[in-house]
Amino acid sequence: MRSVGTVLSLVVLATVVATFARRWRIPAPSLLVVAGLAVALLPGTPQIQISPEIIGLVVLPPLLYASAEDMPWRELRAVWKPVGVLAVGLVLASAAAVAAVASLVTPLPWQMALVLGAVLASTDPVAVTALGRRLALPPKVQMLVQAESLFNDATSLVLFRVAVGVAVTSAAADWGSAGAEFMVLAGGGTLIGAALAAVVALIRRRTEEPVLETVISLVTPYAAYVLAEAAHTSGVTSVVVAGVVLGGRGDRLTNARIRLQLHAVYGTVVFLLESVVFSLIGLALPAQVRALSDGDRTWPLYALAVAGTLIAVRLLWLAPLSAVVQRKGGLPRLNWRVPVVLTWAGTRGVVPLAAALSIPVTTAHGGALSHRPLVLVLTTSVVVVTLVVQGFTLAPVVRRSGIALEPDHTEREEASARCSLAGAGIRRLDELAALEAAPDVVIDRLRRGLNARLEDARDRLTDSDGGVPVESADLVYRQLRRDLIVVESAELRRLYDGHAISDTTRRRLQRSLDLEEARLADA
């Protein structure tokens with residue numbers, strides 16, 4: 001009962017904090033970490049023990065799946081080369097730099113310093129998605145940050161396993177088998193995630209029951225994670241691949257009512273899990289600090305040195321990569337703002353914490369694994385530093401950089417797309433009128449609505465009955481309006497496939513059409 005009460009208290013705390021974060025327009029994850037720290041320092045607060053199994057199996061899969069579902073194929077294909085460089089090269093460079101700095105400035109032996117470097121080498125997809133949700137970044141920049149955080153798991157996991165093996169057995173690192181293990185983790189996770197997504201898509205095409213659809217959607221990330229882990233591959237990669245594949249086909253798998261229901265359910269699940277896990281990060285640090293020996297009391301300086309190393313390595317890696325990409329794009333002048341924003345957006349979070357908690361307590365000879373508490377404290381404190389410092393300052397950095405999309409840009413794009421959608425509907429009405437397929441009063445009613453929407457969209461761009469009974473007319477109106485929504489949805493896909501609009505605009509307009517279709521079904 002105590003654990004249940006703790007979870008409920010965390011949910012209440014998270015709800016209050018998220019409410020104030022929205023009102024004050026500050027990142028909720030950063031404020032939740034600060035709130036968790038404040039609560040943990042209060043007298044009488046129970047000590048929180050975080051289980052890596054709970055984080056890995058209960059919390060991570062739905063959060064990763066929700067992040068991957070929002071990743072459009074078109075933007076992902078455009079950035080896959082730099083994502084590959086970051087997911088492998090930057091992870092290796094970050095792990096090596098952190099291991100070197102930690103072995104020099106902390107009491108950690110080189111084996112445990114390597115473990116620390118492997119734990120903190122990759123950015124965290126949950127934190128990156130949560131912090132970047134409200135930023136108006138250009139699509140490619142947003143996609144690069146998010147895709148890197150989602151796909152660098154396999155590299156860091158291989159490094160982590162090699163480093164833990166060295167620390168536990170005191171043997172030399174077997175780098176020869178590391179490459180093969182990376183292929184098994186990444187390739188196996190990809191295959192399992194893609195296969196599961198194909199099966200789920202086949203089932204969802206034949207299902208129109210909202211409750212069953214919701215259950216299938218909630219179970220999918222857990223199934224992807226468990227199946228991949230059981231096959232000794234990467235569960236995170238499997239969940240991400242399944243989310244990307246199914247997210248890109250979501251509007252073709254279900255109808256409007258189910259899509260709206262799934263959106264509401266997943267929004268609630270993501271809010272609860274993110275709120276609890278970011279609060280736990282803050283709550284866990286004081287208890288971990290109390291477990292340190294007297295010789296490790298200078299851990300804040302160690303944590304700052306490690307966090308600074310991660311930021312410096314990331315900037316030094318991204319600056320030349322950005323220069324190469326910009327030169328290939330034909331830009332006359334190099335823009336330093338993009339690598340700075342990409343550097344500052346690379347936060348750590350839930351995944352490194354789960355990895356650190358899974359470090360064995362004893363060595364292969366049965367003795368206690370030395371300096372494990374210090375690795376836990378440094379991991380959690382670096383996560384806290386990145387979430388709080390970078391989280392609170394990320395929005396100002398994006399604004400100062402000048403790369404953020406202006407609200408007028410998004411509004412113009414959306415208004416232009418609305419003009420195209422209304423135009424497609426009007427052309428369909430003209431065809432129906434010529435065929436005399438519906439009463440004139442119904443055609444005129446629909447035309448007035450579409451013309452009103454068209455005029456409204458044009459205004460946004462310029463500014464920065466026939467004797468038919470009422471019941472019958474309403475029925476025909478709903479039927480024709482559904483037909484027009486189908487035509488507008490097709491036009492929306494055409495605009496997106498033709499690169500005329502962004503994925504953000506496509507999702508907004510698709511949701512608008514879904515809402516209208518749901519209202520017609522309830523009428």
# chains A, B, ... in the order shown; residues from 1 in each chain; ligands from 1
>>> closest_atom_pairs(of="segment 428-511 of chain A", to="segment 258-274 of chain A", cutoff="12 Å", atoms="only C-alpha atoms", output="Markdown table")
| residue | atom | partner | partner_atom | distance |
| --- | --- | --- | --- | --- |
| A:Arg507 | CA | A:Arg259 | CA | 11.5 |
| A:Gln510 | CA | A:Arg259 | CA | 10.1 |
| A:Arg511 | CA | A:Leu260 | CA | 7.6 |
>>> select_by_dssp(residues="segment 365-507 of chain A", states="alpha helix (DSSP H)", output="NGL selection string")
:A and (372-385 or 391-401 or 407-434 or 440-462 or 470-497 or 503-507)
>>> atom_distance(atom1="atom CA of Leu304 of chain A", atom2="atom CA of Ala284 of chain A")
18.3 Å
>>> atom_distance(atom1="atom CA of Leu131 of chain A", atom2="atom CA of Val398 of chain A")
12.1 Å
>>> closest_residue(among="A:Val98, A:Ile485, A:Leu509, A:Ala404", to="Ala305 of chain A", atoms="only C-alpha atoms")
A:Val98
>>> closest_residue(among="A:Val126, A:Leu374, A:Ala355, A:Ala28", to="Leu292 of chain A", atoms="only C-alpha atoms")
A:Leu374
>>> residues_around(residues="Ser238 of chain A", least_positions_apart="4", cutoff="9 Å", atoms="only C-alpha atoms", output="number ranges by chain")
A: 186, 188-194, 196, 221, 224-225, 227-228, 233-234, 242-243
>>> write_last_selection(atoms="N, CA, C and O atoms", output="short mmCIF file (atom, residue, chain, number, x, y, z; two decimals), in the first residue's frame")
data_model
loop_
_atom_site.label_atom_id
_atom_site.label_comp_id
_atom_site.auth_asym_id
_atom_site.auth_seq_id
_atom_site.Cartn_x
_atom_site.Cartn_y
_atom_site.Cartn_z
N ALA A 186 21.14 -4.06 -32.97
CA ALA A 186 20.45 -3.12 -33.86
C ALA A 186 19.65 -3.84 -34.93
O ALA A 186 18.46 -3.55 -35.15
N GLY A 188 18.68 -7.10 -35.07
CA GLY A 188 17.61 -7.91 -34.51
C GLY A 188 16.45 -7.08 -34.02
O GLY A 188 15.28 -7.43 -34.25
N GLY A 189 16.74 -5.98 -33.34
CA GLY A 189 15.67 -5.10 -32.88
C GLY A 189 14.87 -4.51 -34.03
O GLY A 189 13.64 -4.40 -33.96
N THR A 190 15.57 -4.16 -35.10
CA THR A 190 14.89 -3.61 -36.28
C THR A 190 13.96 -4.64 -36.91
O THR A 190 12.81 -4.35 -37.25
N LEU A 191 14.45 -5.86 -37.07
CA LEU A 191 13.63 -6.91 -37.69
C LEU A 191 12.41 -7.25 -36.84
O LEU A 191 11.29 -7.38 -37.37
N ILE A 192 12.60 -7.38 -35.55
CA ILE A 192 11.47 -7.72 -34.67
C ILE A 192 10.45 -6.59 -34.65
O ILE A 192 9.23 -6.82 -34.73
N GLY A 193 10.92 -5.35 -34.56
CA GLY A 193 9.99 -4.22 -34.57
C GLY A 193 9.22 -4.11 -35.86
O GLY A 193 8.00 -3.87 -35.85
N ALA A 194 9.90 -4.32 -37.00
CA ALA A 194 9.22 -4.23 -38.29
C ALA A 194 8.22 -5.37 -38.47
O ALA A 194 7.10 -5.17 -38.97
N LEU A 196 6.66 -7.08 -36.08
CA LEU A 196 5.51 -6.85 -35.20
C LEU A 196 4.60 -5.76 -35.76
O LEU A 196 3.37 -5.86 -35.70
N PRO A 221 3.73 -1.44 -27.91
CA PRO A 221 5.12 -1.14 -27.49
C PRO A 221 5.67 -2.15 -26.49
O PRO A 221 6.85 -2.49 -26.54
N ALA A 224 6.65 -5.29 -28.45
CA ALA A 224 7.90 -5.08 -29.19
C ALA A 224 9.10 -5.15 -28.27
O ALA A 224 10.13 -5.76 -28.60
N TYR A 225 8.99 -4.54 -27.09
CA TYR A 225 10.12 -4.51 -26.15
C TYR A 225 10.40 -5.90 -25.59
O TYR A 225 11.55 -6.36 -25.58
N LEU A 227 9.51 -8.95 -26.72
CA LEU A 227 9.96 -9.90 -27.74
C LEU A 227 11.43 -9.67 -28.09
O LEU A 227 12.20 -10.63 -28.24
N ALA A 228 11.82 -8.42 -28.25
CA ALA A 228 13.21 -8.12 -28.60
C ALA A 228 14.16 -8.48 -27.47
O ALA A 228 15.24 -9.06 -27.70
N THR A 233 18.08 -8.98 -28.23
CA THR A 233 18.37 -7.84 -29.10
C THR A 233 17.94 -6.57 -28.37
O THR A 233 17.61 -6.60 -27.19
N SER A 234 17.93 -5.45 -29.07
CA SER A 234 17.61 -4.16 -28.45
C SER A 234 16.10 -3.95 -28.39
O SER A 234 15.45 -3.78 -29.43
N ALA A 242 8.91 -0.14 -34.57
CA ALA A 242 7.47 -0.40 -34.63
C ALA A 242 6.68 0.91 -34.61
O ALA A 242 5.70 1.07 -35.35
N GLY A 243 7.10 1.86 -33.77
CA GLY A 243 6.41 3.15 -33.71
C GLY A 243 6.53 3.95 -34.98
O GLY A 243 5.55 4.54 -35.44
#
>>> residues_around(residues="Ser370 of chain A", least_positions_apart="2", cutoff="9 Å", atoms="only C-alpha atoms", output="PyMOL selection string")
chain A and resi 108-109+112+361-363+367-368+372-374
>>> write_last_selection(atoms="N, CA and C atoms", output="PDB file, in the first residue's frame")
ATOM      1  N   LEU A 108      37.277   7.193  -9.632  1.00  0.00           N
ATOM      2  CA  LEU A 108      36.884   5.998 -10.364  1.00  0.00           C
ATOM      3  C   LEU A 108      38.087   5.373 -11.062  1.00  0.00           C
ATOM      4  N   PRO A 109      38.258   4.061 -10.967  1.00  0.00           N
ATOM      5  CA  PRO A 109      39.261   3.384 -11.811  1.00  0.00           C
ATOM      6  C   PRO A 109      38.809   3.419 -13.259  1.00  0.00           C
ATOM      7  N   MET A 112      35.489   1.492 -14.209  1.00  0.00           N
ATOM      8  CA  MET A 112      34.213   2.111 -13.854  1.00  0.00           C
ATOM      9  C   MET A 112      34.026   3.449 -14.571  1.00  0.00           C
ATOM     10  N   VAL A 361      25.868  -5.404  -8.676  1.00  0.00           N
ATOM     11  CA  VAL A 361      26.333  -4.984  -7.353  1.00  0.00           C
ATOM     12  C   VAL A 361      27.651  -5.663  -6.995  1.00  0.00           C
ATOM     13  N   THR A 362      27.846  -6.892  -7.498  1.00  0.00           N
ATOM     14  CA  THR A 362      29.049  -7.653  -7.157  1.00  0.00           C
ATOM     15  C   THR A 362      29.852  -7.981  -8.410  1.00  0.00           C
ATOM     16  N   THR A 363      31.105  -8.332  -8.202  1.00  0.00           N
ATOM     17  CA  THR A 363      31.981  -8.735  -9.300  1.00  0.00           C
ATOM     18  C   THR A 363      31.805 -10.238  -9.568  1.00  0.00           C
ATOM     19  N   GLY A 367      32.872 -10.356  -4.785  1.00  0.00           N
ATOM     20  CA  GLY A 367      33.096  -9.155  -3.989  1.00  0.00           C
ATOM     21  C   GLY A 367      32.230  -7.995  -4.467  1.00  0.00           C
ATOM     22  N   ALA A 368      32.126  -6.965  -3.645  1.00  0.00           N
ATOM     23  CA  ALA A 368      31.332  -5.786  -4.001  1.00  0.00           C
ATOM     24  C   ALA A 368      32.009  -5.016  -5.127  1.00  0.00           C
ATOM     25  N   ARG A 372      30.425   1.697  -7.353  1.00  0.00           N
ATOM     26  CA  ARG A 372      29.104   1.696  -7.994  1.00  0.00           C
ATOM     27  C   ARG A 372      28.227   2.842  -7.496  1.00  0.00           C
ATOM     28  N   PRO A 373      28.186   3.132  -6.166  1.00  0.00           N
ATOM     29  CA  PRO A 373      27.375   4.268  -5.707  1.00  0.00           C
ATOM     30  C   PRO A 373      27.773   5.601  -6.338  1.00  0.00           C
ATOM     31  N   LEU A 374      29.080   5.806  -6.558  1.00  0.00           N
ATOM     32  CA  LEU A 374      29.526   7.058  -7.164  1.00  0.00           C
ATOM     33  C   LEU A 374      29.072   7.150  -8.616  1.00  0.00           C
TER      34      LEU A 374
END
>>> closest_residue(among="A:Val162, A:Leu446, A:Leu246, A:Ala434", to="Val119 of chain A", atoms="only C-alpha atoms")
A:Val162
>>> residues_around(residues="Ser381 of chain A", least_positions_apart="6", cutoff="8 Å", atoms="only C-alpha atoms", output="ChimeraX atom specification")
/A:285,300,303
>>> atom_distance(atom1="atom CA of Ile359 of chain A", atom2="atom CA of Val39 of chain A")
26.6 Å
>>> residues_around(residues="Glu516 of chain A", least_positions_apart="2", cutoff="12 Å", atoms="only C-alpha atoms", output="list in words")
Ala256, Arg257, Leu260, Arg478, Arg481, Arg482, Leu484, Ile485, Val486, Glu488, Ser489, Leu509, Gln510, Arg511, Ser512, Leu513, Asp514, Ala518, Arg519, Leu520, Ala521, Asp522 and Ala523 of chain A
>>> closest_residue(among="A:Thr169, A:Ala100, A:Trp73, A:Thr237", to="Asp497 of chain A", atoms="only C-alpha atoms")
A:Trp73
>>> closest_residue(among="A:Leu137, A:Val240, A:Val145, A:Ile501", to="Ala66 of chain A", atoms="only C-alpha atoms")
A:Val240
>>> residues_around(residues="Ser502 of chain A", least_positions_apart="6", cutoff="9 Å", atoms="only C-alpha atoms", output="number ranges by chain")
A: 139, 413, 496
>>> write_last_selection(atoms="C-alpha atoms", output="JSON list (two decimals), in the first residue's frame")
[["chain", "number", "residue", "atom", "x", "y", "z"],
["A", 139, "PRO", "CA", 11.48, 20.24, -39.29],
["A", 413, "GLU", "CA", 1.37, 27.21, -44.51],
["A", 496, "TYR", "CA", 2.30, 16.26, -48.08]]
>>> closest_residue(among="A:Val276, A:Val245, A:Ala40, A:Leu376", to="Ala197 of chain A", atoms="only C-alpha atoms")
A:Val245
